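Asks: To start, I am sharing the structure in question, which I have written as structure tokens.
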Amino acid sequence: MSEDKSILLEREKTGSLLRRYALPAIVAMIASSLYNIVDSIFIGQKLGALAISGLALTFPLMNLAAAFGTLVGVGGASIVSISLGRKDNKYARKVLGNVVILSIGIGTLFTAFTLPFLDEILYFFGGSNQTIKYASDFMFIILIGNVVTHLFFGLNAIVRSSGNPQLAMMVTIFSVIINIILVSIFIFVFEWGIAGAAWATVISQFVALIWLCFIFLKKNKVVYFSKEIFRFNRRIVLDIFSIGMSPFLMNAAACFVVVLINYSLQKHGGDLAIGAYGIINRVSFIFVMVVFGITQGMQPIVGYNYGAKLYGRVLETYYKAVKWGVLIMIIAFICVELFPRAITMAFTTDQELVQIAIKGFRIVFIVYPIAGFQIVSSNLFQSIGKAKQAIFLALIRQLIVLIPLLIILPPYLGISGVWIAMPVADFIATLITAVLIRREIKQLKELAFF
């Protein structure tokens, strides 16, 4: 981040800043979600309904891998923003070095601990003899490239948080374009099946990672690679883990929740019910990722101004981000409630799977209009370094509310009980978030006028 960009974060109108930072992040997040969407569509249309169900089995393990990636990437990005706001550029560079060290170390350990037991893990996640081969073929390759994924996510998050959202967006779009080209070649030309989709993902992220490395080799940036930054720093690591713990726990909890959902769906509906959830999850992922794009755009602005003690600007940015987030989720609600069949048919022509997915769509998305507020508000705490509140809100929806509902409702309501549990959990989590955010807003207002 240059000095000019630092001045802009302090002085430019927050609405203009949010557009400048959030729009590239939104485009990048949409592009990123296309990894999963394109894979699902190609796999479903080429290999059939059971292949979609097999792909859905990989969600818990991919969520767990993503949890460790966000632990480092999001935590590091938040600290870089706050450090730059405090004009401590040297510390920001040290954070970059520790993000690289942690990404390589954690990514390697995750692969080492999961790869030898992959089939056993996938069976535990709800796999059957009909779906396990698809899931195993896909996940084996993804795990081989896990370090690449962690580095790609972590370095791109640092690019964004250090004042270059457009560049981070371009890197993500570049990787997605490569992925789309490769997945179409590997599946339809080479006929590598579901493994082709995995290879396309890993190769495209590796190529984009090379670009990111060249970006950080340029010494004209405020945050860049140099020999002295690649040293393990206990204080920085603890700071990264403290702030990154919120998204980590959210993804880790999502892993456990998806396992429970798959188990219930397998018990009450079979393999196709798991496939239906896979489709619903992919579509919801698009809209949630757009809101995450808004929060990623909000994060460097809020983090910088909070570090600079410009609390009024923190609040202005938050209010605008909430409006955007709510609007996106209203659009999601309208699209899914009006066109569930058309959306499902993009993934599969299997009519039994289509009918299951349509019912699930209409129930799961019923309270989405308020979900945007909950996502943006929980990310505010993360952006200003308040780890305890962020962690609590990350856990409230997944563990404290949703898991009991998934245990109680399905035995009485079958598949409908699984679908109903999700919007009920969203509603309760939003109410609790509203209580906490009201207190935080009051404190920020007092600091702004102190």
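In the structure tokens, the first chain shown is A, the next is B, and so on; residue numbers restart at 1 for each chain, and ligands run from 1 in the order shown.
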Find the spatial neighbours of Tyr318 in chain A, counting only C-alpha atoms, within a cut-off of 12 Å - ignore same-chain residues fewer than 6 positions away - and output them as number ranges by chain.

Replies: A: 14-15, 17-18, 294-303, 305-306, 311-312, 324-325, 373, 375-381, 383-384, 437, 440-441, 444

Asks: Which polymer residues have any atom within 12 Å of an atom of Glu352 in chain A, counting only C-alpha atoms, with same-chain residues fewer than 2 positions away left out, as a VMD selection string?

Replies: chain A and resid 49 to 50 269 to 273 275 to 276 341 344 to 345 348 to 350 354 to 359

Asks: Find, counting only C-alpha atoms, the residue in A:Trp211, A:Glu446, A:Asp426, A:Ala135 that gets nearest to Glu120 in chain A.

Replies: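 Checking each candidate against Glu120 in chain A, we get A:Ala135 as the closest.
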
Asks: Do you know which residues are at most 12 Å from Ile331 in chain A counting only C-alpha atoms, after dropping those on the same chain fewer than 6 positions away, and could you put them as a list of chain:residue names?

Replies: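 Those residues are A:Ser284, A:Ile286, A:Phe287, A:Val288, A:Val290, A:Val291, A:Trp324, A:Gly325, A:Glu337, A:Leu338, A:Phe339, A:Phe365, A:Ile366, A:Val367, A:Tyr368, A:Pro369, A:Ile370, A:Ala371, A:Gly372.
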
Asks: Take the residues that were just selected and, keeping N, CA and C atoms, output them as a tab-separated table (two decimals), in the first residue's frame.

Replies:
```
chain	number	residue	atom	x	y	z
A	284	SER	N	-26.31	-21.63	-2.90
A	284	SER	CA	-26.24	-20.71	-1.76
A	284	SER	C	-24.85	-20.13	-1.62
A	286	ILE	N	-22.85	-19.20	-3.93
A	286	ILE	CA	-22.66	-18.04	-4.80
A	286	ILE	C	-23.05	-16.75	-4.08
A	287	PHE	N	-24.26	-16.73	-3.51
A	287	PHE	CA	-24.77	-15.52	-2.88
A	287	PHE	C	-24.02	-15.20	-1.58
A	288	VAL	N	-23.71	-16.22	-0.81
A	288	VAL	CA	-22.95	-16.00	0.42
A	288	VAL	C	-21.56	-15.45	0.09
A	290	VAL	N	-20.81	-13.58	-2.42
A	290	VAL	CA	-20.97	-12.17	-2.78
A	290	VAL	C	-20.96	-11.31	-1.52
A	291	VAL	N	-21.68	-11.75	-0.50
A	291	VAL	CA	-21.70	-11.01	0.77
A	291	VAL	C	-20.32	-11.05	1.42
A	324	TRP	N	-25.79	-3.33	1.53
A	324	TRP	CA	-25.42	-4.14	0.36
A	324	TRP	C	-25.68	-5.62	0.63
A	325	GLY	N	-25.27	-6.08	1.82
A	325	GLY	CA	-25.43	-7.50	2.15
A	325	GLY	C	-26.88	-7.93	2.18
A	337	GLU	N	-36.82	-18.76	-4.88
A	337	GLU	CA	-38.24	-19.04	-4.67
A	337	GLU	C	-39.03	-19.06	-5.98
A	338	LEU	N	-38.59	-18.27	-6.96
A	338	LEU	CA	-39.30	-18.20	-8.24
A	338	LEU	C	-38.82	-19.23	-9.26
A	339	PHE	N	-37.52	-19.56	-9.24
A	339	PHE	CA	-36.97	-20.40	-10.30
A	339	PHE	C	-36.18	-21.60	-9.78
A	365	PHE	N	-33.93	-21.31	1.81
A	365	PHE	CA	-33.73	-19.89	1.50
A	365	PHE	C	-34.78	-18.96	2.10
A	366	ILE	N	-35.69	-19.46	2.91
A	366	ILE	CA	-36.84	-18.69	3.33
A	366	ILE	C	-36.49	-17.46	4.16
A	367	VAL	N	-35.41	-17.49	4.95
A	367	VAL	CA	-35.03	-16.32	5.77
A	367	VAL	C	-33.75	-15.65	5.25
A	368	TYR	N	-33.38	-15.93	4.02
A	368	TYR	CA	-32.15	-15.33	3.48
A	368	TYR	C	-32.15	-13.80	3.48
A	369	PRO	N	-33.30	-13.12	3.35
A	369	PRO	CA	-33.26	-11.65	3.37
A	369	PRO	C	-32.59	-11.05	4.60
A	370	ILE	N	-32.58	-11.76	5.75
A	370	ILE	CA	-31.94	-11.20	6.94
A	370	ILE	C	-30.53	-11.75	7.14
A	371	ALA	N	-30.15	-12.74	6.37
A	371	ALA	CA	-28.84	-13.38	6.57
A	371	ALA	C	-27.69	-12.43	6.23
A	372	GLY	N	-27.91	-11.50	5.29
A	372	GLY	CA	-26.86	-10.55	4.92
A	372	GLY	C	-26.43	-9.71	6.11
```

Asks: Just list as a PyMOL selection string whatever in range 204-312 of chain A DSSP marks as helix (DSSP H, G or I).

Replies: chain A and resi 204-216+227-229+234-268+271-307+311-312

Asks: Quick one: everything within 9 Å of Ile343 in chain A, counting only C-alpha atoms, minus sequence neighbours fewer than 5 positions away in the same chain. Send it as a PyMOL selection string.

Replies: chain A and resi 283+335-336+358

Asks: Name all residues at most 12 Å from Gly127 in chain A (count only C-alpha atoms; drop same-chain ones fewer than 4 positions away) and give them as a PyMOL selection string.

Replies: chain A and resi 50-51+53-60+118-123+131-136+259+262-263+265-267+270-272+274-275

Asks: Work out how far apart CA of Ile408 in chain A and CA of Val257 in chain A are and give it in Å to one decimal.

Replies: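 Rounded to one decimal, the two atoms are 13.8 Å apart.
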
Asks: Between A:Ile194, A:Ile178, A:Leu406, A:Ala387, single out the one closest to Ser264 in chain A, counting only C-alpha atoms.

Replies: A:Leu406

Asks: Using only C-alpha atoms, pick whichever of A:Ile158, A:Leu315, A:Ile144, A:Leu395 has the shortest atom-to-atom distance to Ala65 in chain A.

Replies: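 Once distances to Ala65 in chain A are computed over only C-alpha atoms, the minimum belongs to A:Ile144.
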
Asks: To one decimal in Å, tell me the separation between CA of Asn179 in chain A and CA of Ala200 in chain A.

Replies: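 Taking CA of Asn179 in chain A as the start and CA of Ala200 in chain A as the end point, the length is 5.2 Å.
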
Asks: Give the answer as one residue: which of A:Leu393, A:Asp39, A:Asn146, A:Ala253 has the shortest atom-to-atom distance to Gly196 in chain A, using only C-alpha atoms?

Replies: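 Nearest to Gly196 in chain A: A:Asp39.
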
Asks: My list of candidates is A:Ile261, A:Val183, A:Val223, A:Ile30. Which is closest to Phe125 in chain A when distances are computed with only C-alpha atoms?

Replies: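 Selected residue with least distance to Phe125 in chain A: A:Ile261.
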